[in-house]
file upload_18.tsv (TSV, C-alpha atoms)
chain	number	residue	atom	x	y	z
A	1	MET	CA	104.96	86.05	103.34
A	2	THR	CA	106.36	88.20	100.51
A	3	PRO	CA	103.89	88.57	97.62
A	4	VAL	CA	104.96	87.85	94.04
A	5	SER	CA	103.35	89.90	91.23
A	6	ILE	CA	103.47	88.54	87.67
A	7	ILE	CA	101.97	89.83	84.43
A	8	ALA	CA	99.55	87.58	82.55
A	9	PRO	CA	100.20	89.02	79.08
A	10	ALA	CA	97.86	89.62	76.19
A	11	LYS	CA	98.35	87.71	72.96
A	12	LEU	CA	97.50	88.53	69.40
A	13	ASN	CA	96.71	86.09	66.62
A	14	LEU	CA	98.54	87.58	63.63
A	15	PHE	CA	96.66	85.09	61.49
A	16	LEU	CA	94.16	82.32	62.25
A	17	HIS	CA	93.26	79.53	59.82
A	18	ILE	CA	90.80	76.77	60.62
A	19	ASN	CA	91.64	73.57	58.76
A	20	HIS	CA	88.82	71.23	59.76
A	21	GLN	CA	86.62	70.05	62.60
A	22	ARG	CA	87.47	66.72	64.21
A	23	VAL	CA	84.92	64.09	65.15
A	24	ASP	CA	85.39	64.99	68.83
A	25	GLY	CA	84.24	68.54	68.09
A	26	TYR	CA	87.64	70.24	68.37
A	27	HIS	CA	88.92	72.33	65.48
A	28	GLU	CA	92.36	71.88	63.96
A	29	LEU	CA	93.90	75.23	63.19
A	30	GLU	CA	97.04	77.11	62.34
A	31	THR	CA	97.74	80.44	63.97
A	32	LEU	CA	100.62	82.75	64.80
A	33	PHE	CA	100.66	83.85	68.43
A	34	THR	CA	102.70	86.79	69.65
A	35	PHE	CA	102.76	88.22	73.17
A	36	LEU	CA	102.35	91.84	74.15
A	37	ASP	CA	104.12	93.61	77.00
A	38	PHE	CA	100.79	94.36	78.65
A	39	GLY	CA	98.30	92.27	80.55
A	40	ASP	CA	96.48	91.34	83.74
A	41	GLU	CA	98.44	91.44	86.98
A	42	LEU	CA	98.34	88.48	89.36
A	43	THR	CA	99.75	88.73	92.88
A	44	PHE	CA	100.47	85.48	94.71
A	45	THR	CA	100.91	85.27	98.50
A	46	LEU	CA	101.52	81.95	100.26
A	47	ARG	CA	99.22	81.26	103.20
A	48	ASN	CA	99.59	78.86	106.12
A	49	GLU	CA	96.15	77.38	105.50
A	50	LYS	CA	95.84	75.05	102.52
A	51	GLU	CA	92.95	76.92	100.84
A	52	ILE	CA	93.04	78.66	97.48
A	53	ILE	CA	91.61	82.17	97.90
A	54	LEU	CA	90.88	84.52	95.00
A	55	CYS	CA	90.25	88.24	95.34
A	56	GLY	CA	90.38	91.41	93.26
A	57	ASP	CA	88.71	91.82	89.88
A	58	ILE	CA	87.02	88.45	89.75
A	59	SER	CA	83.57	89.90	88.84
A	60	ASP	CA	80.63	87.63	89.59
A	61	ILE	CA	82.13	84.41	88.22
A	62	PRO	CA	81.72	81.61	90.79
A	63	GLN	CA	85.13	80.60	92.13
A	64	GLN	CA	84.80	77.03	90.93
A	65	ASP	CA	84.34	78.32	87.35
A	66	ASN	CA	87.28	80.73	87.44
A	67	LEU	CA	90.24	79.57	85.31
A	68	ILE	CA	92.72	80.89	87.88
A	69	TYR	CA	91.11	78.73	90.56
A	70	LYS	CA	90.90	75.75	88.20
A	71	ALA	CA	94.62	76.09	87.40
A	72	ALA	CA	95.60	76.21	91.07
A	73	LEU	CA	93.34	73.25	91.83
A	74	ALA	CA	94.90	71.24	88.97
A	75	LEU	CA	98.35	71.79	90.47
A	76	GLN	CA	97.45	70.78	94.02
A	77	PRO	CA	98.25	67.05	93.55
A	78	TYR	CA	101.86	68.00	92.70
A	79	LYS	CA	102.49	70.25	95.72
A	80	ASN	CA	105.51	69.64	97.93
A	81	THR	CA	104.39	72.07	100.60
A	82	PRO	CA	101.31	72.24	102.86
A	83	LEU	CA	100.84	75.93	102.12
A	84	GLY	CA	97.84	77.38	100.33
A	85	ILE	CA	97.71	80.55	98.25
A	86	ASN	CA	96.03	83.94	98.05
A	87	ILE	CA	95.72	85.20	94.47
A	88	LYS	CA	94.73	88.78	93.71
A	89	LEU	CA	93.76	89.70	90.17
A	90	ILE	CA	94.01	93.19	88.70
A	91	LYS	CA	92.09	92.86	85.44
A	92	LYS	CA	93.32	94.91	82.49
A	93	LEU	CA	92.40	92.63	79.57
A	94	PRO	CA	88.77	92.52	78.42
A	95	MET	CA	86.78	89.34	78.85
A	96	GLY	CA	85.59	87.94	75.52
A	97	GLY	CA	88.13	90.10	73.73
A	98	GLY	CA	90.22	87.45	71.97
A	99	VAL	CA	93.46	88.56	73.64
A	100	GLY	CA	93.71	85.47	75.82
A	101	GLY	CA	92.94	86.98	79.21
A	102	GLY	CA	91.53	83.87	80.90
A	103	SER	CA	94.03	81.48	79.30
A	104	SER	CA	96.92	83.79	80.17
A	105	ASP	CA	95.73	84.07	83.78
A	106	ALA	CA	95.55	80.28	84.03
A	107	ALA	CA	99.02	79.81	82.52
A	108	THR	CA	100.59	82.45	84.77
A	109	THR	CA	99.01	80.72	87.76
A	110	LEU	CA	100.47	77.34	86.75
A	111	LEU	CA	103.93	78.82	86.07
A	112	THR	CA	104.09	80.74	89.35
A	113	LEU	CA	102.62	78.09	91.64
A	114	ASN	CA	104.97	75.51	90.12
A	115	HIS	CA	107.72	77.42	91.95
A	116	LEU	CA	105.85	78.61	95.05
A	117	TRP	CA	104.44	75.15	95.74
A	118	GLN	CA	107.73	73.43	94.82
A	119	CYS	CA	106.04	71.19	92.24
A	120	ASP	CA	109.16	71.05	90.03
A	121	LEU	CA	107.16	70.18	86.92
A	122	SER	CA	108.66	70.73	83.47
A	123	ILE	CA	107.19	73.17	80.96
A	124	ALA	CA	105.92	70.19	78.94
A	125	GLU	CA	104.15	68.77	82.02
A	126	LEU	CA	102.61	72.15	82.83
A	127	ALA	CA	101.47	72.54	79.22
A	128	LYS	CA	99.74	69.15	79.38
A	129	ILE	CA	97.86	70.23	82.50
A	130	GLY	CA	97.09	73.56	80.86
A	131	LEU	CA	95.62	71.98	77.74
A	132	ASN	CA	92.84	70.54	79.92
A	133	LEU	CA	91.97	74.10	80.93
A	134	GLY	CA	91.89	75.55	77.41
A	135	ALA	CA	93.43	75.15	73.96
A	136	ASP	CA	95.33	78.46	74.24
A	137	VAL	CA	96.85	77.79	77.66
A	138	PRO	CA	99.91	75.80	76.42
A	139	VAL	CA	101.20	78.66	74.25
A	140	PHE	CA	101.25	80.94	77.31
A	141	ILE	CA	103.03	78.25	79.32
A	142	HIS	CA	105.71	77.77	76.65
A	143	GLY	CA	106.00	81.53	76.54
A	144	LYS	CA	107.49	82.04	73.08
A	145	THR	CA	106.12	83.60	69.91
A	146	ALA	CA	105.05	80.59	67.90
A	147	ILE	CA	103.05	79.01	65.12
A	148	ALA	CA	100.42	76.82	66.77
A	149	GLN	CA	98.92	73.84	64.98
A	150	GLY	CA	96.66	70.93	65.84
A	151	ILE	CA	94.16	72.22	68.43
A	152	GLY	CA	96.78	74.71	69.54
A	153	GLU	CA	99.20	72.37	71.31
A	154	GLU	CA	101.75	71.82	68.49
A	155	LEU	CA	104.08	74.82	68.73
A	156	THR	CA	106.94	75.99	66.52
A	157	SER	CA	108.82	78.97	67.95
A	158	ILE	CA	109.74	81.81	65.59
A	159	ASN	CA	111.29	85.27	65.90
A	160	LEU	CA	109.47	88.39	64.80
A	161	PRO	CA	110.69	91.99	64.52
A	162	LYS	CA	109.59	94.33	67.29
A	163	LYS	CA	106.44	96.25	66.43
A	164	TRP	CA	103.98	98.38	68.35
A	165	TYR	CA	100.28	97.63	68.39
A	166	CYS	CA	97.22	99.66	69.13
A	167	VAL	CA	94.58	97.21	70.36
A	168	VAL	CA	90.95	98.35	70.44
A	169	PHE	CA	88.11	96.74	72.39
A	170	PRO	CA	84.74	97.83	70.96
A	171	ASN	CA	82.92	97.09	74.24
A	172	VAL	CA	81.22	93.95	73.02
A	173	HIS	CA	81.87	90.42	74.20
A	174	ILE	CA	82.23	87.55	71.75
A	175	SER	CA	81.62	83.97	72.83
A	176	THR	CA	84.36	81.70	71.50
A	177	ALA	CA	82.03	78.72	71.84
A	178	GLU	CA	79.35	80.47	69.78
A	179	ILE	CA	81.80	81.22	66.97
A	180	PHE	CA	83.32	77.75	66.85
A	181	THR	CA	79.91	76.06	66.81
A	182	HIS	CA	78.37	78.40	64.23
A	183	PRO	CA	77.45	76.63	60.97
A	184	GLU	CA	78.80	79.53	58.86
A	185	LEU	CA	82.34	79.36	60.26
A	186	PRO	CA	84.86	78.36	57.53
A	187	ARG	CA	86.45	75.02	58.38
A	188	ASN	CA	88.42	74.03	55.28
A	189	THR	CA	91.35	76.43	54.91
A	190	PRO	CA	94.30	74.48	53.43
A	191	LYS	CA	97.20	73.83	55.76
A	192	LEU	CA	100.29	75.98	55.43
A	193	SER	CA	103.17	74.78	53.35
A	194	GLU	CA	106.63	74.81	54.86
A	195	ASP	CA	107.48	78.01	53.00
A	196	TRP	CA	104.56	79.99	54.48
A	197	LYS	CA	104.88	83.75	54.59
A	198	LEU	CA	103.71	86.27	57.17
A	199	ALA	CA	102.04	88.15	54.33
A	200	ASP	CA	98.98	85.96	54.90
A	201	THR	CA	97.29	87.68	57.84
A	202	SER	CA	93.73	86.46	57.37
A	203	ASN	CA	91.52	85.37	60.27
A	204	ASP	CA	88.90	82.77	59.35
A	205	CYS	CA	86.65	83.97	62.19
A	206	GLU	CA	86.60	87.61	61.13
A	207	ALA	CA	83.88	87.61	58.45
A	208	LEU	CA	81.45	85.71	60.69
A	209	VAL	CA	82.14	87.91	63.73
A	210	LYS	CA	81.62	91.07	61.65
A	211	LYS	CA	78.32	89.65	60.38
A	212	LEU	CA	77.14	88.88	63.90
A	213	ASN	CA	78.40	92.10	65.47
A	214	CYS	CA	78.48	95.42	63.64
A	215	GLU	CA	80.70	97.08	66.30
A	216	VAL	CA	83.58	94.80	65.35
A	217	GLU	CA	83.14	95.74	61.70
A	218	LYS	CA	83.02	99.45	62.63
A	219	THR	CA	86.23	99.09	64.63
A	220	LEU	CA	88.09	97.38	61.79
A	221	LEU	CA	86.94	100.06	59.34
A	222	TRP	CA	88.01	102.86	61.70
A	223	LEU	CA	91.47	101.37	62.20
A	224	LEU	CA	92.01	101.20	58.43
A	225	LYS	CA	92.89	104.91	58.54
A	226	TYR	CA	96.14	103.94	60.25
A	227	GLY	CA	97.09	100.68	58.55
A	228	PRO	CA	95.81	97.18	57.73
A	229	SER	CA	93.40	96.29	60.53
A	230	ARG	CA	92.89	92.81	61.89
A	231	MET	CA	90.84	90.98	64.49
A	232	THR	CA	92.53	88.72	67.02
A	233	GLY	CA	91.20	85.26	67.89
A	234	THR	CA	87.41	85.11	67.82
A	235	GLY	CA	87.25	88.82	68.69
A	236	ALA	CA	86.12	91.28	69.75
A	237	CYS	CA	89.50	93.07	69.96
A	238	CYS	CA	90.91	94.52	66.75
A	239	PHE	CA	94.38	95.90	66.17
A	240	VAL	CA	96.73	97.74	63.87
A	241	GLU	CA	100.50	97.21	63.66
A	242	LEU	CA	102.77	100.26	63.78
A	243	ASP	CA	106.49	100.96	63.77
A	244	SER	CA	106.74	103.10	66.92
A	245	GLN	CA	105.19	103.82	70.29
A	246	ILE	CA	104.49	107.39	69.20
A	247	ALA	CA	102.51	106.22	66.17
A	248	ALA	CA	100.56	103.67	68.25
A	249	GLN	CA	99.79	106.24	70.93
A	250	ARG	CA	98.56	108.67	68.27
A	251	VAL	CA	95.98	106.08	67.18
A	252	LEU	CA	94.90	105.45	70.77
A	253	ASN	CA	94.54	109.17	71.44
A	254	SER	CA	92.17	109.42	68.46
A	255	LEU	CA	89.98	106.54	69.64
A	256	PRO	CA	86.24	107.25	69.82
A	257	SER	CA	85.06	107.55	73.43
A	258	CYS	CA	82.70	104.57	73.01
A	259	TRP	CA	85.67	102.18	72.70
A	260	HIS	CA	88.65	101.34	74.90
A	261	GLY	CA	92.17	100.31	74.00
A	262	PHE	CA	95.83	100.10	74.86
A	263	VAL	CA	99.21	100.24	73.16
A	264	ALA	CA	102.05	97.78	73.66
A	265	PRO	CA	105.02	96.23	71.86
A	266	ASN	CA	105.25	92.57	71.00
A	267	THR	CA	107.79	90.41	72.82
A	268	THR	CA	109.45	87.19	71.66
A	269	ILE	CA	109.43	85.88	75.23
A	270	SER	CA	106.35	86.19	77.42
A	271	PRO	CA	106.65	88.88	80.13
A	272	ALA	CA	105.44	86.29	82.63
A	273	HIS	CA	108.51	84.15	81.92
A	274	THR	CA	110.84	87.15	82.07
A	275	GLN	CA	109.45	88.28	85.41
A	276	LEU	CA	109.62	84.79	86.89
A	277	GLU	CA	113.21	84.37	85.78
A	278	ASN	CA	114.15	87.73	87.38
A	279	TRP	CA	112.32	86.79	90.58
A	280	LEU	CA	114.12	83.44	90.81
A	281	LYS	CA	117.59	84.98	90.47

call {"tool": "encode", "arguments": {"input": "upload_18.tsv", "output": "structure tokens"}}
result
Amino acid sequence: MTPVSIIAPAKLNLFLHINHQRVDGYHELETLFTFLDFGDELTFTLRNEKEIILCGDISDIPQQDNLIYKAALALQPYKNTPLGINIKLIKKLPMGGGVGGGSSDAATTLLTLNHLWQCDLSIAELAKIGLNLGADVPVFIHGKTAIAQGIGEELTSINLPKKWYCVVFPNVHISTAEIFTHPELPRNTPKLSEDWKLADTSNDCEALVKKLNCEVEKTLLWLLKYGPSRMTGTGACCFVELDSQIAAQRVLNSLPSCWHGFVAPNTTISPAHTQLENWLK
């Protein structure tokens, strides 16, 4: 059966404000997500047996704990075919990097299998399933640059000008759970007014992450040579926004050998959606 390869794109949080913590433990927040034209690559091949088989860069994570597997399993009740699936992952996004690798992989799995397994679920239905897998999964399923509110499920699409980004991973892994349960995390940033401006690019997690991990602070300071530096999500990836690919590549070429990175433009529509639409034509 013909394989289908789809990008699971990186995301950046251009700002991240935490408004308060709910009694159920979840945090209400406001953040601006944008997608990058770069990410993991997932290849899906239908199989005659009903099993879900993962291969590729799946490290030592038990299959039952892998978000790709969990996404496929969550979609099984909606299948209209007896076929199973082989899923191969080529990992390009760092784990624990704050660029949404696991959430993006899960969303791309839901979006692709919705077609391959003939589930015929709407984007809203897929997003509801995705929310059970992670708070960031719905934004990848909707696939549009957006302001996210609530616990990440309330989305307002917006358009942003095209920019290029140099994203740097300082080779440290940050636990999202550790950051969101830390007593020093700010939890009282006022909610945005309707006339909010993109000039506010603060990340409420950044000060705490820098305190807990000096490599993140070093990365942000190094990037300041090229423009205002920011951290995405709960880290560890940091980035700088530039006007051209040449400028972004110049930053990457100067990167200290102890760190890794990539350059990519932002996209208003997720590359996963664009590729799926082209495949379905």

call {"tool": "residues_around", "arguments": {"input": "upload_18.tsv", "residues": "range 117-129 of chain A", "least_positions_apart": "5", "cutoff": "6 Å", "atoms": "all atoms listed in the file", "output": "PyMOL selection string"}}
result
chain A and resi 78-81+138+141

call {"tool": "atom_distance", "arguments": {"input": "upload_18.tsv", "atom1": "CA of Leu131 in chain A", "atom2": "CA of Val99 in chain A"}}
result
17.2 Å

call {"tool": "atom_distance", "arguments": {"input": "upload_18.tsv", "atom1": "CA of Asp136 in chain A", "atom2": "CA of Val240 in chain A"}}
result
21.9 Å

call {"tool": "closest_residue", "arguments": {"input": "upload_18.tsv", "among": "A:Thr145, A:Ser257, A:Thr189, A:Asn132", "to": "Gln21 in chain A", "atoms": "all atoms listed in the file"}}
result
A:Thr189

call {"tool": "closest_residue", "arguments": {"input": "upload_18.tsv", "among": "A:Thr181, A:Gln245, A:Thr267, A:Ser157", "to": "His142 in chain A", "atoms": "only C-alpha atoms"}}
result
A:Ser157

call {"tool": "closest_residue", "arguments": {"input": "upload_18.tsv", "among": "A:Leu67, A:Leu75, A:Pro82, A:Glu241", "to": "Ser103 in chain A", "atoms": "only C-alpha atoms"}}
result
A:Leu67

call {"tool": "residues_around", "arguments": {"input": "upload_18.tsv", "residues": "Glu51 in chain A", "least_positions_apart": "2", "cutoff": "12 Å", "atoms": "all atoms listed in the file", "output": "ChimeraX atom specification"}}
result
/A:45-49,53-54,69,72-73,76,82-87

call {"tool": "residues_near_point", "arguments": {"input": "upload_18.tsv", "point": "(99.6, 86.1, 66.4)", "cutoff": "10 Å", "atoms": "all atoms listed in the file", "output": "NGL selection string"}}
result
:A and (11-16 or 31-35 or 99 or 145-148 or 201 or 232-233 or 266)

call {"tool": "write_last_selection", "arguments": {"input": "upload_18.tsv", "atoms": "C-alpha atoms", "output": "tab-separated table (two decimals), in the coordinates of the input"}}
result
chain	number	residue	atom	x	y	z
A	11	LYS	CA	98.35	87.71	72.96
A	12	LEU	CA	97.50	88.53	69.40
A	13	ASN	CA	96.71	86.09	66.62
A	14	LEU	CA	98.54	87.58	63.63
A	15	PHE	CA	96.66	85.09	61.49
A	16	LEU	CA	94.16	82.32	62.25
A	31	THR	CA	97.74	80.44	63.97
A	32	LEU	CA	100.62	82.75	64.80
A	33	PHE	CA	100.66	83.85	68.43
A	34	THR	CA	102.70	86.79	69.65
A	35	PHE	CA	102.76	88.22	73.17
A	99	VAL	CA	93.46	88.56	73.64
A	145	THR	CA	106.12	83.60	69.91
A	146	ALA	CA	105.05	80.59	67.90
A	147	ILE	CA	103.05	79.01	65.12
A	148	ALA	CA	100.42	76.82	66.77
A	201	THR	CA	97.29	87.68	57.84
A	232	THR	CA	92.53	88.72	67.02
A	233	GLY	CA	91.20	85.26	67.89
A	266	ASN	CA	105.25	92.57	71.00

call {"tool": "atom_distance", "arguments": {"input": "upload_18.tsv", "atom1": "CA of Leu113 in chain A", "atom2": "CA of Thr156 in chain A"}}
result
25.6 Å

call {"tool": "closest_residue", "arguments": {"input": "upload_18.tsv", "among": "A:Pro77, A:His182, A:Ser175, A:Ala106", "to": "Leu89 in chain A", "atoms": "only C-alpha atoms"}}
result
A:Ala106

call {"tool": "closest_residue", "arguments": {"input": "upload_18.tsv", "among": "A:Cys238, A:Lys88, A:Thr112, A:Gly152", "to": "Leu221 in chain A", "atoms": "only C-alpha atoms"}}
result
A:Cys238

call {"tool": "closest_atom_pairs", "arguments": {"input": "upload_18.tsv", "of": "range 228-264 of chain A", "to": "range 210-214 of chain A", "cutoff": "10 Å", "atoms": "all atoms listed in the file", "output": "Markdown table"}}
result
| residue | atom | partner | partner_atom | distance |
| --- | --- | --- | --- | --- |
| A:Met231 | CA | A:Lys210 | CA | 9.6 |
| A:Gly235 | CA | A:Lys210 | CA | 9.3 |
| A:Ala236 | CA | A:Asn213 | CA | 8.9 |

call {"tool": "residues_around", "arguments": {"input": "upload_18.tsv", "residues": "Glu178 in chain A", "least_positions_apart": "6", "cutoff": "12 Å", "atoms": "only C-alpha atoms", "output": "JSON, numbers by chain"}}
result
{"A": [96, 184, 185, 205, 208, 209, 212, 234, 235]}

call {"tool": "closest_residue", "arguments": {"input": "upload_18.tsv", "among": "A:Asp243, A:Lys218, A:Asp60, A:Ser270", "to": "Pro161 in chain A", "atoms": "all atoms listed in the file"}}
result
A:Asp243

call {"tool": "residues_around", "arguments": {"input": "upload_18.tsv", "residues": "range 272-281 of chain A", "least_positions_apart": "2", "cutoff": "12 Å", "atoms": "all atoms listed in the file", "output": "number ranges by chain"}}
result
A: 2-10, 35-43, 104-116, 123, 139-144, 267-270

call {"tool": "axis_aligned_box", "arguments": {"input": "upload_18.tsv", "around": "range 124-137 of chain A", "padding_each_side": "6 Å", "output": "AutoDock Vina command-line options"}}
result
--center_x 98.9 --center_y 73.6 --center_z 78.4 --size_x 26.0 --size_y 21.7 --size_z 20.9

call {"tool": "residues_around", "arguments": {"input": "upload_18.tsv", "residues": "range 162-170 of chain A", "least_positions_apart": "4", "cutoff": "8 Å", "atoms": "only C-alpha atoms", "output": "PyMOL selection string"}}
result
chain A and resi 94+97+215-216+219+236-245+248-249+251-252+258-267

call {"tool": "write_last_selection", "arguments": {"input": "upload_18.tsv", "atoms": "C-alpha atoms", "output": "tab-separated table (two decimals), in the frame of the given file"}}
result
chain	number	residue	atom	x	y	z
A	94	PRO	CA	88.77	92.52	78.42
A	97	GLY	CA	88.13	90.10	73.73
A	215	GLU	CA	80.70	97.08	66.30
A	216	VAL	CA	83.58	94.80	65.35
A	219	THR	CA	86.23	99.09	64.63
A	236	ALA	CA	86.12	91.28	69.75
A	237	CYS	CA	89.50	93.07	69.96
A	238	CYS	CA	90.91	94.52	66.75
A	239	PHE	CA	94.38	95.90	66.17
A	240	VAL	CA	96.73	97.74	63.87
A	241	GLU	CA	100.50	97.21	63.66
A	242	LEU	CA	102.77	100.26	63.78
A	243	ASP	CA	106.49	100.96	63.77
A	244	SER	CA	106.74	103.10	66.92
A	245	GLN	CA	105.19	103.82	70.29
A	248	ALA	CA	100.56	103.67	68.25
A	249	GLN	CA	99.79	106.24	70.93
A	251	VAL	CA	95.98	106.08	67.18
A	252	LEU	CA	94.90	105.45	70.77
A	258	CYS	CA	82.70	104.57	73.01
A	259	TRP	CA	85.67	102.18	72.70
A	260	HIS	CA	88.65	101.34	74.90
A	261	GLY	CA	92.17	100.31	74.00
A	262	PHE	CA	95.83	100.10	74.86
A	263	VAL	CA	99.21	100.24	73.16
A	264	ALA	CA	102.05	97.78	73.66
A	265	PRO	CA	105.02	96.23	71.86
A	266	ASN	CA	105.25	92.57	71.00
A	267	THR	CA	107.79	90.41	72.82
